Amino acid sequence: MKKTSKSVSLVIITLSVILGTLCGRVLTVNALENEITSSTYADDNSCPRCPCPRVGGGLLKESVDELKESGSLTEDDVKNINSYMTKDRESKEAEMKDRIYKAECEKIDKMVSEKVISKEKGEKLKEAVKENIQNMKRNMRRLNSK
């Protein structure tokens, strides 16, 4: 009986550590994602210590605004540019989520191969990771509202 309770305790502790690690990684990724998605122009890297924007989306946004004000770009042009930038950002987000998921699955597969957790629990853990990755923005908003 004691051996079984020790095994159960070990599994619970192991899963807690794993989930804590995954949640920590999700929080880190959420913070990075929030930084990336805070602008339609995903590469907007203006620095608070420097009044001029760095090369990237800041210059593009500034240039679009200038050309709009001068009449060189129409409202439709600006909408098309914004739409393109949004699609580009979403594509980058999807790629980032895919890379994170693959990296986490590799860790889980290694845990299964080293008999840290069973294959069934590894699959459940992969499903949970996939769901958490899909819910990154929602989780970040929830954390920021606290």
# chains A, B, ... in the order shown; residues from 1 in each chain; ligands from 1

call {"tool": "residues_around", "arguments": {"residues": "stretch 99-115 of chain A", "least_positions_apart": "2", "cutoff": "10 Å", "atoms": "only C-alpha atoms", "output": "PyMOL selection string"}}
result
chain A and resi 18+22+25-26+29+93-97+117-123+125-127+129-134

call {"tool": "atom_distance", "arguments": {"atom1": "atom CA of A:Val78", "atom2": "atom CA of A:Met136"}}
result
28.8 Å

call {"tool": "closest_residue", "arguments": {"among": "A:Val64, A:Ser91, A:Asn82, A:Val116", "to": "A:Thr14", "atoms": "only C-alpha atoms"}}
result
A:Val116

call {"tool": "atom_distance", "arguments": {"atom1": "atom CA of A:Lys79", "atom2": "atom CA of A:Asp65"}}
result
11.7 Å

call {"tool": "atom_distance", "arguments": {"atom1": "atom CA of A:Glu75", "atom2": "atom CA of A:Gly58"}}
result
19.2 Å

call {"tool": "residues_around", "arguments": {"residues": "A:Ile81", "least_positions_apart": "3", "cutoff": "12 Å", "atoms": "only C-alpha atoms", "output": "VMD selection string"}}
result
chain A and resid 40 to 41 57 60 to 61 63 to 65 68 73 to 78 84 to 88
